[in-house]
Amino acid sequence: MTDAVTAHEMQQYDQYTINEIGVPSLVLMERAALAGIEVLGAGQFDLSQVLVIAGLGNNGGDGVAMARLLMQKGVSVDLLFVGDENRAAHNNTIQLKIAKKYGLTPVNRVKDFRQYTVIVDALFGIGLSKPVPVKLGEMIKRVNAANIPVISIDVPSGLNATTGEIMGSAIRAAATVTFAYPKTGLLQGEGIKRSGSIFVKDIGIYSPAELHQFNPEIEE
Ligand SMILES: NC(=O)C1=CN([C@@H]2O[C@H](COP(=O)(O)OP(=O)(O)OC[C@H]3O[C@@H](n4cnc5c(N)ncnc54)[C@H](O)[C@@H]3O)[C@@H](O)[C@H]2O)[C@@H](O)CC1
Ligand SMILES: [K+]
């Protein structure tokens with residue numbers, strides 16, 4: 001069993017799974033979204049009116065896929081897409097295109113977050129490497145102030161996934177669904193206060209030690 005991992009370690013496992021094992025990244029993204037839906041629908045949250053907040057990276061792509069899956073299940077869901085769609089990561093762009101084909105049109109502004117019963121936070125994940133831009137920080141503060149339960153995808157947005165430091169502003173989550181392994185930042189510093197209940201979900205990404213157990217030819 002692998003303990004908590006840093007963002008850098010997780011990125012290496014992601015890349016190995018995609019480039020060496022050959023699992024398509026969109027398959028991993030769909031599994032991430034399904035894992036998020038599983039925790040969201042497990043009874044802790046009221047799904048009467050869901051908001052998904054998605055950023056431009058792959059964490060946002062997980063969120064867009066979740067919004068589409070929720071809509072397909074008949075859940076009332078809004079998708080707040082934050083940032084210029086033309087600058088979105090490749091897989092996020094694909095997710096947006098699919099969501100739109102199903103009739104899910106993103107909004108780019110929410111006046112009052114209190115109209116929702118739960119908020120899915122897919123703004124930033126392990127890829128956050130610099131302080132949150134001021135405008136997004138203001139939005140994060142509005143979300144926290146609304147006092148609506150938030151479920152964070154992989155990491156509460158704005159939290160450094162490795163150190164647990166706040167990168168300007170960070171979401172305060174009721175629960176965090178994190179993929180493959182807990183991230184070290186969830187278990188130290190502000191991460192302890194900001195992550196809520198932590199759910200670790202297998203999405204098919206493994207550390208070298210675990211891969212070695214499947215296939216001894218893979219070096220630990
Ligand atoms: N690499 C992979 O194959 C997988 C990645 N997954 C998800 O992808 C995340 C990592 O994705 P990325 O490495 O793309 O990074 P993130 O999505 O964590 O962040 C992307 C970068 O974009 C910036 N950014 C995002 N929205 C912005 C906005 N509106 N305005 C300005 N800047 C913005 C952030 O500052 C950050 O530097 C994981 O935490 C996980 O949720 C999962 O889909 C599983 C598979
Ligand atoms: K997040």
# chains A, B, ... in the order shown; residues from 1 in each chain; ligands from 1
call {"tool": "residues_near_ligand", "arguments": {"ligand": "ligand 1", "cutoff": "7 Å", "atoms": "only C-alpha atoms and all ligand atoms", "output": "MDAnalysis selection string"}}
result
chainID A and resid 11 14:15 18 25 28:29 32 55:62 82:83 89 123:130 132:133 153:155
call {"tool": "write_last_selection", "arguments": {"atoms": "C-alpha atoms", "output": "mmCIF file, in the first residue's frame"}}
result
data_model
loop_
_atom_site.group_PDB
_atom_site.id
_atom_site.type_symbol
_atom_site.label_atom_id
_atom_site.label_comp_id
_atom_site.auth_asym_id
_atom_site.auth_seq_id
_atom_site.Cartn_x
_atom_site.Cartn_y
_atom_site.Cartn_z
ATOM 1 C CA GLN A 11 1.913 13.527 -11.825
ATOM 2 C CA ASP A 14 -0.434 9.767 -14.113
ATOM 3 C CA GLN A 15 2.095 10.089 -16.920
ATOM 4 C CA ILE A 18 -1.016 7.172 -19.759
ATOM 5 C CA SER A 25 -6.308 9.975 -20.271
ATOM 6 C CA LEU A 28 -8.979 8.116 -16.366
ATOM 7 C CA MET A 29 -11.019 11.318 -16.455
ATOM 8 C CA ALA A 32 -12.453 10.240 -11.854
ATOM 9 C CA GLY A 55 -11.580 25.585 -14.111
ATOM 10 C CA LEU A 56 -9.444 25.385 -17.224
ATOM 11 C CA GLY A 57 -7.234 22.402 -16.352
ATOM 12 C CA ASN A 58 -7.869 18.668 -16.127
ATOM 13 C CA ASN A 59 -9.405 19.114 -12.684
ATOM 14 C CA GLY A 60 -11.993 21.281 -14.473
ATOM 15 C CA GLY A 61 -12.373 18.492 -17.049
ATOM 16 C CA ASP A 62 -13.313 16.097 -14.227
ATOM 17 C CA VAL A 82 -14.479 29.777 -14.998
ATOM 18 C CA GLY A 83 -12.105 31.304 -17.535
ATOM 19 C CA ALA A 89 -6.735 21.962 -21.389
ATOM 20 C CA LEU A 123 -11.420 24.629 -10.117
ATOM 21 C CA PHE A 124 -7.835 23.486 -9.427
ATOM 22 C CA GLY A 125 -6.323 20.131 -8.538
ATOM 23 C CA ILE A 126 -2.726 18.988 -8.209
ATOM 24 C CA GLY A 127 -1.656 21.215 -11.118
ATOM 25 C CA LEU A 128 -1.919 24.466 -9.140
ATOM 26 C CA SER A 129 1.615 25.791 -9.075
ATOM 27 C CA LYS A 130 1.185 29.520 -8.508
ATOM 28 C CA VAL A 132 -4.715 31.749 -7.238
ATOM 29 C CA PRO A 133 -5.449 34.816 -9.422
ATOM 30 C CA ILE A 153 -12.417 17.072 -6.539
ATOM 31 C CA ASP A 154 -8.927 15.725 -5.784
ATOM 32 C CA VAL A 155 -7.899 18.736 -3.642
#
call {"tool": "residues_around", "arguments": {"residues": "segment 163-171 of chain A", "least_positions_apart": "3", "cutoff": "9 Å", "atoms": "only C-alpha atoms", "output": "PyMOL selection string"}}
result
chain A and resi 6+121+128-134+136-138+140-141+143-144+150+152+156-160+184-192+194-195
call {"tool": "write_last_selection", "arguments": {"atoms": "N, CA and C atoms", "output": "mmCIF file, in the first residue's frame"}}
result
data_model
loop_
_atom_site.group_PDB
_atom_site.id
_atom_site.type_symbol
_atom_site.label_atom_id
_atom_site.label_comp_id
_atom_site.auth_asym_id
_atom_site.auth_seq_id
_atom_site.Cartn_x
_atom_site.Cartn_y
_atom_site.Cartn_z
ATOM 1 N N THR A 6 3.055 13.211 -3.016
ATOM 2 C CA THR A 6 3.118 14.632 -3.376
ATOM 3 C C THR A 6 2.461 14.819 -4.752
ATOM 4 N N ASP A 121 -16.473 21.349 -6.358
ATOM 5 C CA ASP A 121 -15.330 22.245 -6.603
ATOM 6 C C ASP A 121 -14.298 21.542 -7.494
ATOM 7 N N LEU A 128 -2.065 23.061 -9.580
ATOM 8 C CA LEU A 128 -1.919 24.466 -9.140
ATOM 9 C C LEU A 128 -0.488 24.701 -8.674
ATOM 10 N N SER A 129 0.199 25.594 -9.390
ATOM 11 C CA SER A 129 1.615 25.791 -9.075
ATOM 12 C C SER A 129 1.926 27.224 -8.685
ATOM 13 N N LYS A 130 0.953 28.111 -8.852
ATOM 14 C CA LYS A 130 1.185 29.520 -8.508
ATOM 15 C C LYS A 130 -0.037 30.032 -7.738
ATOM 16 N N PRO A 131 0.097 31.187 -7.081
ATOM 17 C CA PRO A 131 -1.043 31.682 -6.306
ATOM 18 C C PRO A 131 -2.298 31.839 -7.166
ATOM 19 N N VAL A 132 -3.428 31.614 -6.554
ATOM 20 C CA VAL A 132 -4.715 31.749 -7.238
ATOM 21 C C VAL A 132 -4.875 33.203 -7.697
ATOM 22 N N PRO A 133 -5.231 33.433 -8.969
ATOM 23 C CA PRO A 133 -5.449 34.816 -9.422
ATOM 24 C C PRO A 133 -6.502 35.517 -8.549
ATOM 25 N N VAL A 134 -6.309 36.833 -8.354
ATOM 26 C CA VAL A 134 -7.146 37.587 -7.410
ATOM 27 C C VAL A 134 -8.644 37.391 -7.652
ATOM 28 N N LEU A 136 -10.268 34.941 -9.042
ATOM 29 C CA LEU A 136 -10.721 33.602 -8.656
ATOM 30 C C LEU A 136 -10.706 33.453 -7.138
ATOM 31 N N GLY A 137 -9.736 34.129 -6.505
ATOM 32 C CA GLY A 137 -9.679 34.132 -5.042
ATOM 33 C C GLY A 137 -10.943 34.759 -4.459
ATOM 34 N N GLU A 138 -11.421 35.817 -5.104
ATOM 35 C CA GLU A 138 -12.650 36.473 -4.629
ATOM 36 C C GLU A 138 -13.833 35.528 -4.762
ATOM 37 N N ILE A 140 -13.681 32.243 -4.716
ATOM 38 C CA ILE A 140 -13.523 31.202 -3.683
ATOM 39 C C ILE A 140 -14.042 31.717 -2.339
ATOM 40 N N LYS A 141 -13.742 32.971 -2.040
ATOM 41 C CA LYS A 141 -14.216 33.543 -0.762
ATOM 42 C C LYS A 141 -15.748 33.617 -0.738
ATOM 43 N N VAL A 143 -17.773 31.605 -2.315
ATOM 44 C CA VAL A 143 -18.264 30.225 -2.147
ATOM 45 C C VAL A 143 -18.187 29.843 -0.665
ATOM 46 N N ASN A 144 -17.045 30.115 -0.028
ATOM 47 C CA ASN A 144 -16.900 29.769 1.394
ATOM 48 C C ASN A 144 -17.924 30.517 2.253
ATOM 49 N N VAL A 150 -19.554 21.876 0.270
ATOM 50 C CA VAL A 150 -18.730 21.778 -0.944
ATOM 51 C C VAL A 150 -18.033 20.424 -0.958
ATOM 52 N N SER A 152 -14.924 18.750 -2.831
ATOM 53 C CA SER A 152 -13.787 19.116 -3.680
ATOM 54 C C SER A 152 -13.300 17.901 -4.453
ATOM 55 N N PRO A 156 -9.025 20.477 -2.285
ATOM 56 C CA PRO A 156 -9.759 21.748 -2.199
ATOM 57 C C PRO A 156 -9.008 22.809 -3.025
ATOM 58 N N SER A 157 -9.691 23.446 -3.940
ATOM 59 C CA SER A 157 -9.019 24.374 -4.860
ATOM 60 C C SER A 157 -8.343 25.506 -4.106
ATOM 61 N N GLY A 158 -7.094 25.755 -4.450
ATOM 62 C CA GLY A 158 -6.308 26.799 -3.800
ATOM 63 C C GLY A 158 -5.365 26.234 -2.756
ATOM 64 N N LEU A 159 -5.565 24.969 -2.400
ATOM 65 C CA LEU A 159 -4.664 24.333 -1.430
ATOM 66 C C LEU A 159 -3.500 23.722 -2.200
ATOM 67 N N ASN A 160 -2.293 23.914 -1.691
ATOM 68 C CA ASN A 160 -1.129 23.270 -2.288
ATOM 69 C C ASN A 160 -1.214 21.779 -1.958
ATOM 70 N N THR A 184 -0.280 14.520 0.100
ATOM 71 C CA THR A 184 0.318 14.916 1.383
ATOM 72 C C THR A 184 -0.294 16.223 1.916
ATOM 73 N N GLY A 185 -0.629 17.133 1.022
ATOM 74 C CA GLY A 185 -1.174 18.432 1.434
ATOM 75 C C GLY A 185 -2.537 18.341 2.097
ATOM 76 N N LEU A 186 -3.261 17.235 1.897
ATOM 77 C CA LEU A 186 -4.576 17.090 2.543
ATOM 78 C C LEU A 186 -4.419 16.756 4.024
ATOM 79 N N LEU A 187 -3.233 16.266 4.369
ATOM 80 C CA LEU A 187 -3.030 15.696 5.702
ATOM 81 C C LEU A 187 -2.143 16.568 6.582
ATOM 82 N N GLN A 188 -1.806 17.757 6.115
ATOM 83 C CA GLN A 188 -0.963 18.651 6.923
ATOM 84 C C GLN A 188 -1.363 20.102 6.703
ATOM 85 N N GLY A 189 -0.906 20.964 7.624
ATOM 86 C CA GLY A 189 -1.178 22.407 7.514
ATOM 87 C C GLY A 189 -2.675 22.668 7.410
ATOM 88 N N GLU A 190 -3.022 23.628 6.555
ATOM 89 C CA GLU A 190 -4.421 24.011 6.375
ATOM 90 C C GLU A 190 -5.242 22.882 5.741
ATOM 91 N N GLY A 191 -4.556 21.943 5.100
ATOM 92 C CA GLY A 191 -5.264 20.818 4.456
ATOM 93 C C GLY A 191 -6.124 20.059 5.440
ATOM 94 N N ILE A 192 -5.670 19.957 6.674
ATOM 95 C CA ILE A 192 -6.424 19.208 7.696
ATOM 96 C C ILE A 192 -7.783 19.881 7.914
ATOM 97 N N ARG A 194 -9.254 22.123 5.762
ATOM 98 C CA ARG A 194 -9.981 22.483 4.532
ATOM 99 C C ARG A 194 -10.543 21.302 3.763
ATOM 100 N N SER A 195 -10.071 20.078 4.036
ATOM 101 C CA SER A 195 -10.436 18.940 3.169
ATOM 102 C C SER A 195 -11.728 18.247 3.577
#
call {"tool": "closest_residue", "arguments": {"among": "A:Leu47, A:Ala161, A:Ala7, A:Val39", "to": "ligand 2", "atoms": "only C-alpha atoms and all ligand atoms"}}
result
A:Ala161
call {"tool": "select_by_dssp", "arguments": {"residues": "segment 43-123 of chain A", "states": "strand (DSSP E or B)", "output": "list in words"}}
result
Val50, Leu51, Val52, Ile53, Ala54, Val77, Asp78, Leu79, Leu80, Phe81, Val107, Val118, Ile119, Val120, Asp121 and Ala122 of chain A
call {"tool": "select_by_dssp", "arguments": {"residues": "segment 5-212 of chain A", "states": "alpha helix (DSSP H)", "output": "ChimeraX atom specification"}}
result
/A:7-15,25-40,58-72,90-101,134-146,191-194,208-212
call {"tool": "closest_residue", "arguments": {"among": "A:Val120, A:Ile198, A:Ala42, A:Leu26", "to": "ligand 2", "atoms": "only C-alpha atoms and all ligand atoms"}}
result
A:Val120
call {"tool": "atom_distance", "arguments": {"atom1": "atom CA of Lys193 of chain A", "atom2": "atom CA of Ala4 of chain A"}}
result
17.0 Å
call {"tool": "atom_distance", "arguments": {"atom1": "atom CA of Ile151 of chain A", "atom2": "atom CA of Arg68 of chain A"}}
result
16.6 Å
call {"tool": "residues_around", "arguments": {"residues": "Leu80 of chain A", "least_positions_apart": "6", "cutoff": "10 Å", "atoms": "only C-alpha atoms", "output": "PyMOL selection string"}}
result
chain A and resi 51-55+63-64+67+105-110+122-123
call {"tool": "closest_residue", "arguments": {"among": "A:Tyr206, A:Glu217, A:Thr162, A:Phe179", "to": "Val5 of chain A", "atoms": "only C-alpha atoms"}}
result
A:Thr162
call {"tool": "closest_residue", "arguments": {"among": "A:Ala88, A:Ile205, A:Ile119, A:Val50", "to": "ligand 2", "atoms": "only C-alpha atoms and all ligand atoms"}}
result
A:Ile119
call {"tool": "atom_distance", "arguments": {"atom1": "atom CA of Ala174 of chain A", "atom2": "atom CA of Arg31 of chain A"}}
result
21.6 Å
call {"tool": "closest_residue", "arguments": {"among": "A:His212, A:Arg172, A:His90, A:Lys97", "to": "ligand 2", "atoms": "only C-alpha atoms and all ligand atoms"}}
result
A:Arg172
